[in-house]
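Worksheet: one structure, shown below.
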Amino acid sequence: MLLSLRWWNAPGLWAVAAVLVLLAAWLLHASPDEPESVAAAWPAVHLLVLLTGGLESPVVPLAAAWVALLGRRARGWTLYAALAAGILVPAVHAVHVGTPPFPSLARYLLLVAVGAALAHLGPSIEARPRVEAADAEPEPEPARAEAGDRAEDDAAVVARALELLRRGVDAHEATLWRLDGGHGRTVVQTAWTAVPGVAAPQPVVDLEGHPFGWTIHEQVHVHLQRGKRALPSPWAQEMLLVPVHGPDGVLAFAYPGMVPPGTEPVALDAGRHLSAVLDLLAVRRGAVRDEARVQALFAAVQTLPGELEMDAFARHLAETVCRGTGADGAAVALAPADGVPGRVVHVETVQGKPPKIPPVLGEGDSRLALAMKHGVALPYADLRRERDRLPLFAPREEWDPQPRSAAIVPLTAEGRTLGAVVAWHAEPGRFGERETELLRLLCSIAPLPLRSATRYEALDRKASTDALTGLPNRRTFEARLAAAAGYFDRYARPFGLMMLDVDHFKRFNDTWGHEAGDKVLQHVAEVVRATVRDVDLPARLGGEEFVVLLPETGLRASVDAAERVRRAIEAKTVIWNGRPLSVTVSLGVVAIPDCMAATAEALAAADAALYRSKGNGRNRVTAAPRAGAPEPGASL
């Protein structure tokens, strides 16, 4: 329709142009980054050019701007945009007005070409200041700025500050070293930045006779030049060493040639700036630790009194100590009481491997034992500097790595020490006044729930233990047997049963009295407990009958275990009123699935094998027949 009209001032065309302009503006506002929205502005732009004079129009630069904008949104469209703009307007001008003058045509085509060139140069021009700004000082992301509770990583902050300082003094390398707190004879590298192609120095440097020592101990800056002594950065010709505190350290700048004139005052300012950054980070870490302490204490006040089971209480308390103090690990121990030795209930570790601690804690042979015996807190800033070499928990404990700092706080109630909490860390000086105060607060809350947990544990032990022998009772054994049977039904894992009966037990009662009989039962229980494995479960069924559950054990191994028990009991006599009493037992053995697949019949099968041992002369082991065997098991 446009090509058939010759009146460029027609009101209808201006109305169409206005509508197209509004439509293009709306599309650009709705999706400014989409190339389609820019392409939609093509009719409006070119109609405005034609209506206002064609190639002589004052808005001709709009066509060039459209080409540049469309090419920057989608580079593949630049050629098509330039062709559309460069051909359409001159063609319409030639049809309706006549052949355009060469200067007007050249000016127009030049503007379109400039627009196409800007489409390709634009992204690189825009990218350059962004890179420089990012290199100079990256702005925080809006999400991170809004989330004030998410602190930036300290190492990233130090690395960014170090890079800015390196550029500020025009150095090829900047390194932050700090004094090793362990013994003070070395410095370790904590941050490093350099121009591309520069290798990092070795991470640890001995201070003996080293320039780092002058800077740290004398707190003076040092200008080093290559000479007889090798520089900390071997490739450098000159270096500037500036003292930094928080912790004590050295900021080292390295140059491949001469240090630029006037750099030393700037380097000193850089050291003060980095010291301020490190101090602020320390303050922030302290604030984070304080918040963690408050949260840990609040959680302990809410939940610790509700923990009745000893293991759950100890685990919760140890986790709270680690979270609140920043310790690498923590443990809860019970003090000796009523002839029962002390023991560690739970060990919680955050860093490093858990220590290997003996199951029984002695008296007076460790720092923990001393703290519980005297009821005093014992903080240790550096265990290596302690004169005595007492272990933390018990002799023969094993650590990886060895703790450097520790704190022990007893748990006392009504003047009696119930136990203690031990916290440790691989670095020295990690338990200051704040950490120790938190431990004291926790340990002031913990004794009452600890006493409740101890009483609950005693009641549970009483309900599940035979009072005479100390072995698990029948109820406990049947629960474990049911669990083993269920495990076999699901995973086909074998188990064995060993049942034993004291031979001629009535004779002990009739001849020496019931107290002698009780002594015999206690003797048998003690021998059985000492002979079987830790994973086995010995129990007293009642009277003179005992049973042992043997997890993951076949028939042959179960028979061998029963024979070891029989020989051990036979080899030891019971002394009663100065007279030795010989004791023997008869045993019956069954294994699942070697003897049967029906787990419900296992106990009855072991009992039947036991009575065959008694019938065959006692003091022997008899195995139940294997599955499918026609004959009953013979005596062994």
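Labeling convention for the structure tokens: chains A, B, ... as they appear, residues from 1 per chain, ligands from 1 in order of appearance.
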Discussion item. Report as a PyMOL selection string all protein, DNA and RNA residues lying within 12 Å of Met596 (chain A), evaluated on only C-alpha atoms, omitting residues in the same chain fewer than 2 positions from it.
Written reply: chain A and resi 485+488+494-496+554-555+590-594+598-606+624-629
Once you have the residues from the selection above, write them out as a CSV table (one decimal), in the first residue's frame, restricted to N, CA, C and O atoms.
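As a result, part35.csv now contains:
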```
chain,number,residue,atom,x,y,z
A,485,ALA,N,16.6,-63.5,64.7
A,485,ALA,CA,15.7,-64.3,63.8
A,485,ALA,C,15.2,-63.5,62.7
A,485,ALA,O,15.1,-63.9,61.6
A,488,PHE,N,17.8,-62.9,60.2
A,488,PHE,CA,18.0,-64.0,59.4
A,488,PHE,C,16.9,-64.2,58.3
A,488,PHE,O,17.2,-64.5,57.1
A,494,PRO,N,23.5,-66.0,59.4
A,494,PRO,CA,23.4,-67.1,60.3
A,494,PRO,C,23.7,-66.7,61.7
A,494,PRO,O,24.2,-65.6,62.0
A,495,PHE,N,23.2,-67.5,62.7
A,495,PHE,CA,23.6,-67.4,64.1
A,495,PHE,C,23.5,-68.7,64.8
A,495,PHE,O,22.9,-69.7,64.3
A,496,GLY,N,24.2,-68.8,65.9
A,496,GLY,CA,24.2,-70.0,66.7
A,496,GLY,C,23.7,-69.8,68.1
A,496,GLY,O,23.6,-68.7,68.6
A,554,GLY,N,28.3,-70.2,62.3
A,554,GLY,CA,27.8,-71.5,61.9
A,554,GLY,C,27.9,-72.6,62.9
A,554,GLY,O,28.4,-72.4,64.0
A,555,LEU,N,27.5,-73.8,62.5
A,555,LEU,CA,27.5,-74.9,63.5
A,555,LEU,C,28.9,-75.3,64.0
A,555,LEU,O,29.1,-75.5,65.2
A,590,VAL,N,23.0,-75.4,68.7
A,590,VAL,CA,22.2,-75.4,67.4
A,590,VAL,C,22.7,-74.2,66.6
A,590,VAL,O,23.1,-73.2,67.2
A,591,ALA,N,22.6,-74.3,65.3
A,591,ALA,CA,23.0,-73.2,64.4
A,591,ALA,C,21.9,-73.1,63.3
A,591,ALA,O,21.4,-74.1,62.8
A,592,ILE,N,21.6,-71.8,63.0
A,592,ILE,CA,20.6,-71.5,61.9
A,592,ILE,C,21.5,-70.9,60.8
A,592,ILE,O,22.2,-70.0,61.0
A,593,PRO,N,21.3,-71.4,59.6
A,593,PRO,CA,20.4,-72.5,59.1
A,593,PRO,C,21.0,-73.8,59.0
A,593,PRO,O,20.4,-74.7,58.3
A,594,ASP,N,22.2,-74.1,59.6
A,594,ASP,CA,22.9,-75.4,59.4
A,594,ASP,C,22.0,-76.5,59.9
A,594,ASP,O,21.9,-77.6,59.4
A,598,ALA,N,13.7,-73.0,60.6
A,598,ALA,CA,12.7,-72.4,61.5
A,598,ALA,C,13.3,-71.8,62.7
A,598,ALA,O,13.6,-72.6,63.7
A,599,THR,N,13.4,-70.5,62.8
A,599,THR,CA,14.1,-69.9,63.9
A,599,THR,C,13.3,-70.1,65.2
A,599,THR,O,13.9,-70.0,66.3
A,600,ALA,N,12.0,-70.2,65.1
A,600,ALA,CA,11.2,-70.3,66.3
A,600,ALA,C,11.5,-71.6,67.1
A,600,ALA,O,11.2,-71.7,68.3
A,601,GLU,N,12.1,-72.6,66.4
A,601,GLU,CA,12.4,-73.9,67.1
A,601,GLU,C,13.9,-74.0,67.6
A,601,GLU,O,14.3,-75.0,68.1
A,602,ALA,N,14.6,-72.9,67.4
A,602,ALA,CA,16.1,-73.0,67.7
A,602,ALA,C,16.3,-73.2,69.2
A,602,ALA,O,17.1,-74.1,69.6
A,603,LEU,N,15.6,-72.5,70.1
A,603,LEU,CA,15.9,-72.7,71.5
A,603,LEU,C,15.5,-74.1,72.0
A,603,LEU,O,16.2,-74.7,72.8
A,604,ALA,N,14.4,-74.6,71.5
A,604,ALA,CA,14.0,-76.0,71.8
A,604,ALA,C,15.0,-77.0,71.3
A,604,ALA,O,15.3,-78.0,72.0
A,605,ALA,N,15.5,-76.8,70.1
A,605,ALA,CA,16.5,-77.7,69.6
A,605,ALA,C,17.8,-77.7,70.4
A,605,ALA,O,18.4,-78.8,70.7
A,606,ALA,N,18.2,-76.5,70.9
A,606,ALA,CA,19.4,-76.4,71.7
A,606,ALA,C,19.1,-77.1,73.1
A,606,ALA,O,20.0,-77.8,73.6
A,624,ALA,N,23.0,-80.2,67.8
A,624,ALA,CA,21.8,-80.6,67.1
A,624,ALA,C,22.1,-81.1,65.7
A,624,ALA,O,23.1,-80.7,65.1
A,625,PRO,N,21.3,-82.1,65.2
A,625,PRO,CA,21.5,-82.6,63.9
A,625,PRO,C,21.4,-81.6,62.8
A,625,PRO,O,20.7,-80.6,62.9
A,626,ARG,N,22.3,-81.8,61.8
A,626,ARG,CA,22.2,-80.9,60.6
A,626,ARG,C,20.9,-81.1,59.9
A,626,ARG,O,20.2,-82.1,60.0
A,627,ALA,N,20.4,-80.1,59.2
A,627,ALA,CA,19.2,-80.2,58.4
A,627,ALA,C,19.3,-81.3,57.4
A,627,ALA,O,20.2,-81.4,56.7
A,628,GLY,N,18.3,-82.2,57.5
A,628,GLY,CA,18.2,-83.4,56.6
A,628,GLY,C,18.9,-84.6,57.1
A,628,GLY,O,18.9,-85.6,56.4
A,629,ALA,N,19.7,-84.5,58.2
A,629,ALA,CA,20.4,-85.7,58.7
A,629,ALA,C,19.4,-86.6,59.4
A,629,ALA,O,18.6,-86.2,60.2
```
Determine, for each residue of region 198-249 of chain A having at least one atom at most 12 Å from an atom of region 263-281 of chain A, the closest pair of atoms and their separation in Å to one decimal, counting only C-alpha atoms; order by chain and ascending number, as a tab-separated table.
```
residue	atom	partner	partner_atom	distance
A:Thr215	CA	A:Gly271	CA	11.7
A:Gln219	CA	A:Gly271	CA	11.1
A:Val220	CA	A:Leu268	CA	9.5
A:His221	CA	A:Leu268	CA	7.5
A:Val222	CA	A:Glu264	CA	9.4
A:His223	CA	A:Glu264	CA	8.4
A:Leu224	CA	A:Glu264	CA	11.7
A:Met239	CA	A:Glu264	CA	10.4
A:Leu240	CA	A:Glu264	CA	7.5
A:Leu241	CA	A:Ala267	CA	8.5
A:Val242	CA	A:Gly271	CA	5.9
A:Pro243	CA	A:Gly271	CA	6.4
A:Val244	CA	A:Ser275	CA	5.4
A:His245	CA	A:Ser275	CA	5.5
A:Gly246	CA	A:Asp279	CA	5.8
A:Pro247	CA	A:Leu278	CA	7.9
A:Asp248	CA	A:Ser275	CA	9.3
A:Gly249	CA	A:Ser275	CA	9.3
```
Could you save those same residues with N, CA, C and O atoms as a tab-separated table (two decimals), in the first residue's frame?
```tsv
chain	number	residue	atom	x	y	z
A	215	THR	N	61.16	-8.50	60.78
A	215	THR	CA	59.90	-7.77	60.60
A	215	THR	C	58.91	-8.09	61.71
A	215	THR	O	58.23	-7.20	62.24
A	219	GLN	N	59.01	-5.36	64.42
A	219	GLN	CA	57.89	-4.57	63.89
A	219	GLN	C	58.38	-3.40	63.04
A	219	GLN	O	57.93	-2.26	63.18
A	220	VAL	N	59.32	-3.69	62.14
A	220	VAL	CA	59.84	-2.68	61.22
A	220	VAL	C	59.75	-3.25	59.80
A	220	VAL	O	59.79	-4.46	59.59
A	221	HIS	N	59.62	-2.34	58.83
A	221	HIS	CA	59.59	-2.79	57.44
A	221	HIS	C	61.02	-2.99	56.94
A	221	HIS	O	61.96	-2.30	57.40
A	222	VAL	N	61.20	-3.88	56.01
A	222	VAL	CA	62.53	-4.24	55.51
A	222	VAL	C	62.50	-4.19	53.99
A	222	VAL	O	61.58	-4.72	53.36
A	223	HIS	N	63.51	-3.54	53.40
A	223	HIS	CA	63.68	-3.49	51.95
A	223	HIS	C	64.83	-4.44	51.59
A	223	HIS	O	65.99	-4.18	51.94
A	224	LEU	N	64.52	-5.54	50.94
A	224	LEU	CA	65.50	-6.57	50.62
A	224	LEU	C	65.92	-6.47	49.16
A	224	LEU	O	65.10	-6.19	48.28
A	239	MET	N	62.44	-6.96	47.36
A	239	MET	CA	61.20	-7.24	48.09
A	239	MET	C	61.01	-6.21	49.19
A	239	MET	O	61.99	-5.63	49.70
A	240	LEU	N	59.75	-5.97	49.53
A	240	LEU	CA	59.38	-5.14	50.67
A	240	LEU	C	58.65	-6.02	51.68
A	240	LEU	O	57.68	-6.69	51.32
A	241	LEU	N	59.10	-6.02	52.92
A	241	LEU	CA	58.47	-6.77	54.00
A	241	LEU	C	57.86	-5.77	54.98
A	241	LEU	O	58.56	-4.90	55.50
A	242	VAL	N	56.55	-5.93	55.24
A	242	VAL	CA	55.83	-4.99	56.09
A	242	VAL	C	55.18	-5.78	57.23
A	242	VAL	O	54.56	-6.82	56.98
A	243	PRO	N	55.29	-5.32	58.50
A	243	PRO	CA	54.67	-6.05	59.60
A	243	PRO	C	53.15	-5.94	59.56
A	243	PRO	O	52.59	-4.91	59.19
A	244	VAL	N	52.49	-7.03	59.94
A	244	VAL	CA	51.02	-7.10	59.99
A	244	VAL	C	50.66	-7.77	61.31
A	244	VAL	O	51.25	-8.79	61.69
A	245	HIS	N	49.69	-7.22	62.01
A	245	HIS	CA	49.24	-7.84	63.25
A	245	HIS	C	47.86	-8.45	63.05
A	245	HIS	O	47.18	-8.17	62.07
A	246	GLY	N	47.46	-9.27	64.03
A	246	GLY	CA	46.16	-9.91	64.03
A	246	GLY	C	46.00	-11.07	63.09
A	246	GLY	O	45.16	-11.00	62.22
A	247	PRO	N	46.73	-12.21	63.14
A	247	PRO	CA	47.85	-12.47	64.06
A	247	PRO	C	49.14	-11.87	63.54
A	247	PRO	O	49.19	-11.33	62.45
A	248	ASP	N	50.19	-11.99	64.37
A	248	ASP	CA	51.49	-11.46	63.97
A	248	ASP	C	51.92	-12.09	62.65
A	248	ASP	O	51.93	-13.31	62.50
A	249	GLY	N	52.28	-11.24	61.71
A	249	GLY	CA	52.65	-11.76	60.40
A	249	GLY	C	53.45	-10.76	59.60
A	249	GLY	O	53.85	-9.70	60.09
```
Discussion item. Need the shell around Glu163 (chain A): protein/DNA/RNA residues with any atom at most 8 Å away, counting only C-alpha atoms. Skip same-chain ones fewer than 6 positions apart. Format as number ranges by chain?
Written reply: A: 174, 193-194
Worksheet item: Out of A:Asp560, A:Glu435, A:Glu386, A:Glu544, which residue has the shortest atom-to-atom distance to Val409 (chain A) when counting only C-alpha atoms?
Response: A:Glu435
Using DSSP assignments from the backbone, pull out every residue in region 469-506 of chain A that falls under alpha helix (DSSP H) and give it to me as a PDB file with C-alpha atoms, in the first residue's frame.
```
ATOM      1  CA  ARG A 474      15.636 -64.083  79.950  1.00  0.00           C
ATOM      2  CA  ARG A 475      13.564 -61.131  78.722  1.00  0.00           C
ATOM      3  CA  THR A 476      16.612 -59.398  77.274  1.00  0.00           C
ATOM      4  CA  PHE A 477      17.832 -62.600  75.660  1.00  0.00           C
ATOM      5  CA  GLU A 478      14.471 -63.334  74.018  1.00  0.00           C
ATOM      6  CA  ALA A 479      14.369 -59.811  72.564  1.00  0.00           C
ATOM      7  CA  ARG A 480      17.849 -60.252  71.075  1.00  0.00           C
ATOM      8  CA  LEU A 481      16.977 -63.724  69.794  1.00  0.00           C
ATOM      9  CA  ALA A 482      13.874 -62.337  68.070  1.00  0.00           C
ATOM     10  CA  ALA A 483      16.022 -59.611  66.460  1.00  0.00           C
ATOM     11  CA  ALA A 484      18.539 -62.201  65.230  1.00  0.00           C
ATOM     12  CA  ALA A 485      15.714 -64.333  63.843  1.00  0.00           C
ATOM     13  CA  GLY A 486      14.234 -61.346  62.012  1.00  0.00           C
ATOM     14  CA  TYR A 487      17.637 -60.471  60.607  1.00  0.00           C
ATOM     15  CA  PHE A 488      18.024 -64.045  59.359  1.00  0.00           C
ATOM     16  CA  ASP A 489      14.582 -64.028  57.751  1.00  0.00           C
ATOM     17  CA  ARG A 490      15.384 -60.831  55.837  1.00  0.00           C
ATOM     18  CA  TYR A 491      19.098 -61.096  55.076  1.00  0.00           C
ATOM     19  CA  PHE A 505      23.753 -78.346  90.764  1.00  0.00           C
ATOM     20  CA  LYS A 506      21.297 -79.637  93.408  1.00  0.00           C
TER      21      LYS A 506
END
```
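Residue nearest Ala561 (chain A), chosen from A:Ala155, A:Leu549, A:Ala252, A:Leu541 and counting only C-alpha atoms: A:Leu549.
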Fill in: Selection: 9 Å around Val321 (chain A), only C-alpha atoms, excl. self and same-chain fewer than 5 positions, as a PyMOL selection string
chain A and resi 293+296-297+316+326-327+329-331+421-423+438-439+442
Restricted to N, CA and C atoms, what would the selected residues look like written as a short mmCIF file (atom, residue, chain, number, x, y, z; two decimals), in the first residue's frame?
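Dumped everything to result_31.cif:
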```
data_model
loop_
_atom_site.label_atom_id
_atom_site.label_comp_id
_atom_site.auth_asym_id
_atom_site.auth_seq_id
_atom_site.Cartn_x
_atom_site.Cartn_y
_atom_site.Cartn_z
N ARG A 293 27.36 -19.67 70.61
CA ARG A 293 27.31 -20.02 72.04
C ARG A 293 25.91 -19.81 72.60
N ALA A 296 23.63 -22.49 71.27
CA ALA A 296 23.91 -23.79 71.88
C ALA A 296 23.38 -23.84 73.31
N LEU A 297 23.60 -22.78 74.05
CA LEU A 297 23.13 -22.74 75.42
C LEU A 297 21.60 -22.77 75.48
N HIS A 316 23.95 -35.56 72.92
CA HIS A 316 23.42 -34.21 72.78
C HIS A 316 24.32 -33.19 73.48
N GLY A 326 33.32 -24.29 69.30
CA GLY A 326 34.17 -24.45 68.13
C GLY A 326 35.23 -25.51 68.31
N ALA A 327 35.02 -26.44 69.21
CA ALA A 327 36.00 -27.49 69.48
C ALA A 327 36.04 -28.50 68.34
N GLY A 329 36.45 -31.62 68.99
CA GLY A 329 35.75 -32.77 69.55
C GLY A 329 35.43 -32.55 71.00
N ALA A 330 34.49 -33.36 71.48
CA ALA A 330 34.09 -33.28 72.89
C ALA A 330 33.64 -34.65 73.33
N ALA A 331 33.76 -34.90 74.63
CA ALA A 331 33.37 -36.20 75.19
C ALA A 331 32.72 -35.99 76.54
N VAL A 421 32.93 -33.11 81.34
CA VAL A 421 32.91 -32.84 79.90
C VAL A 421 34.31 -32.44 79.49
N VAL A 422 34.80 -33.02 78.40
CA VAL A 422 36.13 -32.73 77.88
C VAL A 422 35.98 -32.19 76.46
N ALA A 423 36.60 -31.06 76.19
CA ALA A 423 36.63 -30.49 74.84
C ALA A 423 38.08 -30.30 74.43
N LEU A 438 31.24 -20.77 78.68
CA LEU A 438 30.14 -21.54 78.11
C LEU A 438 30.13 -22.96 78.65
N LEU A 439 31.32 -23.57 78.74
CA LEU A 439 31.40 -24.92 79.30
C LEU A 439 30.89 -24.94 80.74
N LEU A 442 27.07 -24.75 80.63
CA LEU A 442 26.50 -26.03 80.22
C LEU A 442 26.61 -27.06 81.34
#
```
Discussion item. Going by DSSP on the backbone, which residues of region 387-555 of chain A come out as strand (DSSP E or B)? List them as a ChimeraX atom specification.
Written reply: /A:398,405-413,416-425,465,472,495-502,537-542,545-551
Worksheet item: What lies within 10 Å of Val565 (chain A) using only C-alpha atoms, ignoring chain neighbours under 3 positions off, as JSON, numbers by chain?
Response: {"A": [498, 500, 524, 527, 528, 529, 530, 531, 532, 559, 560, 561, 562, 568, 569, 570, 571, 585, 587, 621]}
